[in-house]
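Written below as structure tokens is the structure these notes are about.
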Amino acid sequence: QVQLVESGGGLVQFGGSLRLSCAASGFTFSNYVMNWYRQAPGKERELVASISSTGGSTYYKDSVKGRFTISRDNAKNTVSLQMNSLKPEDTDVYYCNARFRSYNYWGQGTQVTVSS
């Protein structure tokens, strides 16, 4: 059974930090590109950060470059998103996503709220 379980969300003040983690199981984690998306109510889900299967390549949405860092541990089947210098506009539900060929899995999401 495929599972992606996010943790680490919560309420933080402007300028603070949070670290999101996603624990994967039920599939060959090291084959998959791992992504973090976020979605606000009434808006489309948007890609925030992505990391290749080996961890050698990353992508960041322009608005989070220099503030967020995605990383993965293929031995532990985990992917993380370190979020620093958080802003109110980072408030969203954050989703972990795993993608490989036609396979596409989602976590249940974790709420991140940044207060001003």
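All residue names refer to the structure tokens as shown: chains lettered A, B, ... in order, residues numbered from 1 in each chain, ligands numbered from 1 in order.
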Test item: residues at most 12 Å from Lys61 of chain A, only C-alpha atoms, excluding those fewer than 6 positions along its chain, as a list in words
Asn35, Trp36, Tyr37, Arg38, Glu46, Leu47, Val48, Ala49, Ser50, Arg67, Phe68, Thr69, Ile70 and Asp90 of chain A
Selection file, N, CA, C and O atoms, as a PDB file, in the first residue's frame:
ATOM      1  N   ASN A  35       8.304  15.792  -5.048  1.00  0.00           N
ATOM      2  CA  ASN A  35       7.891  17.189  -5.174  1.00  0.00           C
ATOM      3  C   ASN A  35       7.136  17.654  -3.938  1.00  0.00           C
ATOM      4  O   ASN A  35       6.494  16.848  -3.259  1.00  0.00           O
ATOM      5  N   TRP A  36       7.222  18.935  -3.698  1.00  0.00           N
ATOM      6  CA  TRP A  36       6.347  19.588  -2.726  1.00  0.00           C
ATOM      7  C   TRP A  36       5.485  20.588  -3.508  1.00  0.00           C
ATOM      8  O   TRP A  36       5.995  21.424  -4.244  1.00  0.00           O
ATOM      9  N   TYR A  37       4.180  20.469  -3.320  1.00  0.00           N
ATOM     10  CA  TYR A  37       3.213  21.392  -3.882  1.00  0.00           C
ATOM     11  C   TYR A  37       2.531  22.129  -2.733  1.00  0.00           C
ATOM     12  O   TYR A  37       2.577  21.704  -1.579  1.00  0.00           O
ATOM     13  N   ARG A  38       1.856  23.206  -3.088  1.00  0.00           N
ATOM     14  CA  ARG A  38       1.026  23.880  -2.105  1.00  0.00           C
ATOM     15  C   ARG A  38      -0.234  24.377  -2.790  1.00  0.00           C
ATOM     16  O   ARG A  38      -0.248  24.607  -4.001  1.00  0.00           O
ATOM     17  N   GLU A  46       0.134  24.366  -6.786  1.00  0.00           N
ATOM     18  CA  GLU A  46       1.331  24.821  -7.496  1.00  0.00           C
ATOM     19  C   GLU A  46       2.570  24.119  -6.975  1.00  0.00           C
ATOM     20  O   GLU A  46       2.683  23.820  -5.773  1.00  0.00           O
ATOM     21  N   LEU A  47       3.488  23.879  -7.901  1.00  0.00           N
ATOM     22  CA  LEU A  47       4.750  23.228  -7.556  1.00  0.00           C
ATOM     23  C   LEU A  47       5.659  24.218  -6.846  1.00  0.00           C
ATOM     24  O   LEU A  47       5.927  25.302  -7.358  1.00  0.00           O
ATOM     25  N   VAL A  48       6.133  23.826  -5.687  1.00  0.00           N
ATOM     26  CA  VAL A  48       7.013  24.673  -4.886  1.00  0.00           C
ATOM     27  C   VAL A  48       8.471  24.262  -5.080  1.00  0.00           C
ATOM     28  O   VAL A  48       9.348  25.110  -5.272  1.00  0.00           O
ATOM     29  N   ALA A  49       8.735  22.964  -4.992  1.00  0.00           N
ATOM     30  CA  ALA A  49      10.104  22.466  -5.093  1.00  0.00           C
ATOM     31  C   ALA A  49      10.078  21.021  -5.559  1.00  0.00           C
ATOM     32  O   ALA A  49       9.117  20.297  -5.304  1.00  0.00           O
ATOM     33  N   SER A  50      11.168  20.642  -6.229  1.00  0.00           N
ATOM     34  CA  SER A  50      11.261  19.299  -6.773  1.00  0.00           C
ATOM     35  C   SER A  50      12.695  18.811  -6.636  1.00  0.00           C
ATOM     36  O   SER A  50      13.643  19.607  -6.695  1.00  0.00           O
ATOM     37  N   ARG A  67      15.083  30.660   0.089  1.00  0.00           N
ATOM     38  CA  ARG A  67      14.436  30.536   1.398  1.00  0.00           C
ATOM     39  C   ARG A  67      14.097  29.079   1.721  1.00  0.00           C
ATOM     40  O   ARG A  67      14.141  28.676   2.890  1.00  0.00           O
ATOM     41  N   PHE A  68      13.741  28.308   0.705  1.00  0.00           N
ATOM     42  CA  PHE A  68      13.353  26.909   0.901  1.00  0.00           C
ATOM     43  C   PHE A  68      14.446  25.990   0.365  1.00  0.00           C
ATOM     44  O   PHE A  68      15.103  26.301  -0.635  1.00  0.00           O
ATOM     45  N   THR A  69      14.609  24.846   1.016  1.00  0.00           N
ATOM     46  CA  THR A  69      15.558  23.836   0.553  1.00  0.00           C
ATOM     47  C   THR A  69      14.904  22.460   0.613  1.00  0.00           C
ATOM     48  O   THR A  69      14.409  22.056   1.670  1.00  0.00           O
ATOM     49  N   ILE A  70      14.904  21.783  -0.524  1.00  0.00           N
ATOM     50  CA  ILE A  70      14.364  20.425  -0.577  1.00  0.00           C
ATOM     51  C   ILE A  70      15.524  19.436  -0.493  1.00  0.00           C
ATOM     52  O   ILE A  70      16.598  19.664  -1.059  1.00  0.00           O
ATOM     53  N   ASP A  90       3.184  32.506   2.172  1.00  0.00           N
ATOM     54  CA  ASP A  90       3.526  31.078   2.140  1.00  0.00           C
ATOM     55  C   ASP A  90       2.455  30.222   2.812  1.00  0.00           C
ATOM     56  O   ASP A  90       2.549  28.989   2.781  1.00  0.00           O
TER      57      ASP A  90
END
Counting only C-alpha atoms, what is within 9 Å of Gln39 of chain A, bar same-chain residues fewer than 2 positions away, as a list in words?
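Returned residues: Tyr37, Pro41, Gly42, Lys43, Glu44, Arg45, Glu46, Thr91, Asp92, Val93, Tyr94 and Tyr95 of chain A.
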When you count only C-alpha atoms, which of these residues is closest to Gly10 of chain A: A:Tyr60, A:Tyr32, A:Asn97, A:Leu86?
A:Leu86
Students should find that atom CA of Ala75 of chain A and atom CA of Phe27 of chain A are spaced 13.1 Å
Nearest residue to Cys22 of chain A from the set A:Pro88, A:Gly66, A:Gly8, A:Gly56 (distances using only C-alpha atoms):
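Answer, going by the shortest atom-to-atom distance: A:Gly8.
One distance worth recording is that between atom CA of Thr110 of chain A and atom CA of Thr28 of chain A, which is 23.1 Å.
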Within 8 Å of segment 1-4 of chain A, counting only C-alpha atoms, which residues show up once you throw out same-chain ones fewer than 2 positions away? Write them as a PyMOL selection string, please.
chain A and resi 6+22-27+96-97+105-108
Using N, CA, C and O atoms, can you write the selected residues to a file as an mmCIF file, in the first residue's frame?
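The resulting file, result_27.cif, is shown below:
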data_model
loop_
_atom_site.group_PDB
_atom_site.id
_atom_site.type_symbol
_atom_site.label_atom_id
_atom_site.label_comp_id
_atom_site.auth_asym_id
_atom_site.auth_seq_id
_atom_site.Cartn_x
_atom_site.Cartn_y
_atom_site.Cartn_z
ATOM 1 N N GLU A 6 2.899 13.318 5.434
ATOM 2 C CA GLU A 6 3.575 14.587 5.729
ATOM 3 C C GLU A 6 3.486 14.911 7.211
ATOM 4 O O GLU A 6 2.529 14.532 7.893
ATOM 5 N N CYS A 22 8.251 14.176 4.737
ATOM 6 C CA CYS A 22 7.319 13.252 4.091
ATOM 7 C C CYS A 22 7.940 11.865 4.139
ATOM 8 O O CYS A 22 9.032 11.657 3.610
ATOM 9 N N ALA A 23 7.247 10.951 4.780
ATOM 10 C CA ALA A 23 7.712 9.563 4.878
ATOM 11 C C ALA A 23 6.961 8.720 3.851
ATOM 12 O O ALA A 23 5.724 8.727 3.819
ATOM 13 N N ALA A 24 7.720 8.034 3.016
ATOM 14 C CA ALA A 24 7.135 7.261 1.922
ATOM 15 C C ALA A 24 7.243 5.769 2.184
ATOM 16 O O ALA A 24 8.221 5.303 2.782
ATOM 17 N N SER A 25 6.254 5.046 1.717
ATOM 18 C CA SER A 25 6.286 3.592 1.821
ATOM 19 C C SER A 25 5.408 2.988 0.739
ATOM 20 O O SER A 25 4.533 3.654 0.190
ATOM 21 N N GLY A 26 5.682 1.732 0.417
ATOM 22 C CA GLY A 26 4.839 1.011 -0.526
ATOM 23 C C GLY A 26 5.266 1.114 -1.973
ATOM 24 O O GLY A 26 4.582 0.592 -2.865
ATOM 25 N N PHE A 27 6.388 1.781 -2.234
ATOM 26 C CA PHE A 27 6.903 1.873 -3.598
ATOM 27 C C PHE A 27 8.410 2.074 -3.527
ATOM 28 O O PHE A 27 8.968 2.337 -2.454
ATOM 29 N N CYS A 96 3.037 16.531 -0.315
ATOM 30 C CA CYS A 96 4.145 15.734 -0.819
ATOM 31 C C CYS A 96 3.656 14.929 -2.032
ATOM 32 O O CYS A 96 2.529 14.402 -2.019
ATOM 33 N N ASN A 97 4.481 14.862 -3.067
ATOM 34 C CA ASN A 97 4.095 14.163 -4.300
ATOM 35 C C ASN A 97 5.252 13.318 -4.789
ATOM 36 O O ASN A 97 6.399 13.759 -4.768
ATOM 37 N N TYR A 105 1.694 9.808 -6.942
ATOM 38 C CA TYR A 105 1.110 9.623 -5.612
ATOM 39 C C TYR A 105 1.134 10.920 -4.829
ATOM 40 O O TYR A 105 2.051 11.732 -4.972
ATOM 41 N N TRP A 106 0.114 11.062 -3.952
ATOM 42 C CA TRP A 106 -0.024 12.285 -3.148
ATOM 43 C C TRP A 106 -0.179 11.945 -1.676
ATOM 44 O O TRP A 106 -0.806 10.937 -1.317
ATOM 45 N N GLY A 107 0.350 12.821 -0.847
ATOM 46 C CA GLY A 107 0.081 12.759 0.570
ATOM 47 C C GLY A 107 -1.213 13.484 0.892
ATOM 48 O O GLY A 107 -1.867 14.052 0.011
ATOM 49 N N GLN A 108 -1.546 13.506 2.161
ATOM 50 C CA GLN A 108 -2.823 14.092 2.582
ATOM 51 C C GLN A 108 -2.731 15.594 2.814
ATOM 52 O O GLN A 108 -3.756 16.267 2.933
#
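Using only C-alpha atoms, the nearest neighbour of Met83 of chain A within the list A:Thr58, A:Ser30, A:Ser21, A:Asn104 is A:Ser21.
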Point out the residue among A:Val5, A:Ala40, A:Val33, A:Ala98 with the least atom-to-atom distance to Val112 of chain A, counting only C-alpha atoms.
A:Ala40
Where does DSSP see helix (DSSP H, G or I) in chain A, if you list the residues as a VMD selection string?
chain A and resid 29 to 31 62 to 64 88 to 90
Using only C-alpha atoms, which residues sit within 9 Å of Arg19 of chain A once same-chain residues fewer than 3 positions away are excluded, as an mmCIF file with N, CA and C atoms, in the first residue's frame?
data_model
loop_
_atom_site.group_PDB
_atom_site.id
_atom_site.type_symbol
_atom_site.label_atom_id
_atom_site.label_comp_id
_atom_site.auth_asym_id
_atom_site.auth_seq_id
_atom_site.Cartn_x
_atom_site.Cartn_y
_atom_site.Cartn_z
ATOM 1 N N SER A 7 4.463 15.643 7.676
ATOM 2 C CA SER A 7 4.459 16.141 9.042
ATOM 3 C C SER A 7 5.271 17.433 9.083
ATOM 4 N N GLY A 8 5.116 18.169 10.176
ATOM 5 C CA GLY A 8 5.935 19.345 10.377
ATOM 6 C C GLY A 8 5.244 20.671 10.139
ATOM 7 N N GLY A 9 4.023 20.637 9.654
ATOM 8 C CA GLY A 9 3.313 21.890 9.454
ATOM 9 C C GLY A 9 2.907 22.523 10.772
ATOM 10 N N SER A 80 12.290 16.098 2.544
ATOM 11 C CA SER A 80 12.038 17.200 3.464
ATOM 12 C C SER A 80 12.029 18.523 2.721
ATOM 13 N N LEU A 81 11.389 19.492 3.339
ATOM 14 C CA LEU A 81 11.393 20.850 2.816
ATOM 15 C C LEU A 81 11.682 21.789 3.982
ATOM 16 N N GLN A 82 12.878 22.339 3.995
ATOM 17 C CA GLN A 82 13.249 23.320 5.006
ATOM 18 C C GLN A 82 12.797 24.682 4.522
ATOM 19 N N MET A 83 11.967 25.350 5.312
ATOM 20 C CA MET A 83 11.405 26.631 4.911
ATOM 21 C C MET A 83 11.859 27.694 5.903
ATOM 22 N N ASN A 84 12.632 28.643 5.414
ATOM 23 C CA ASN A 84 13.137 29.741 6.239
ATOM 24 C C ASN A 84 12.552 31.068 5.762
#
Point out the residue among A:Lys87, A:Arg72, A:Arg101, A:Lys65 with the least atom-to-atom distance to Ser53 of chain A, counting only C-alpha atoms.
A:Arg72
Going by DSSP on the backbone, which residues of chain A come out as strand (DSSP E or B)? List them as number ranges by chain.
A: 3-7, 10-13, 18-25, 33-39, 46-51, 58-60, 68-73, 78-83, 92-100, 103-106, 110-115
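For the pair atom CA of Thr113 of chain A and atom CA of Leu18 of chain A, the interatomic distance is 10.1 Å.
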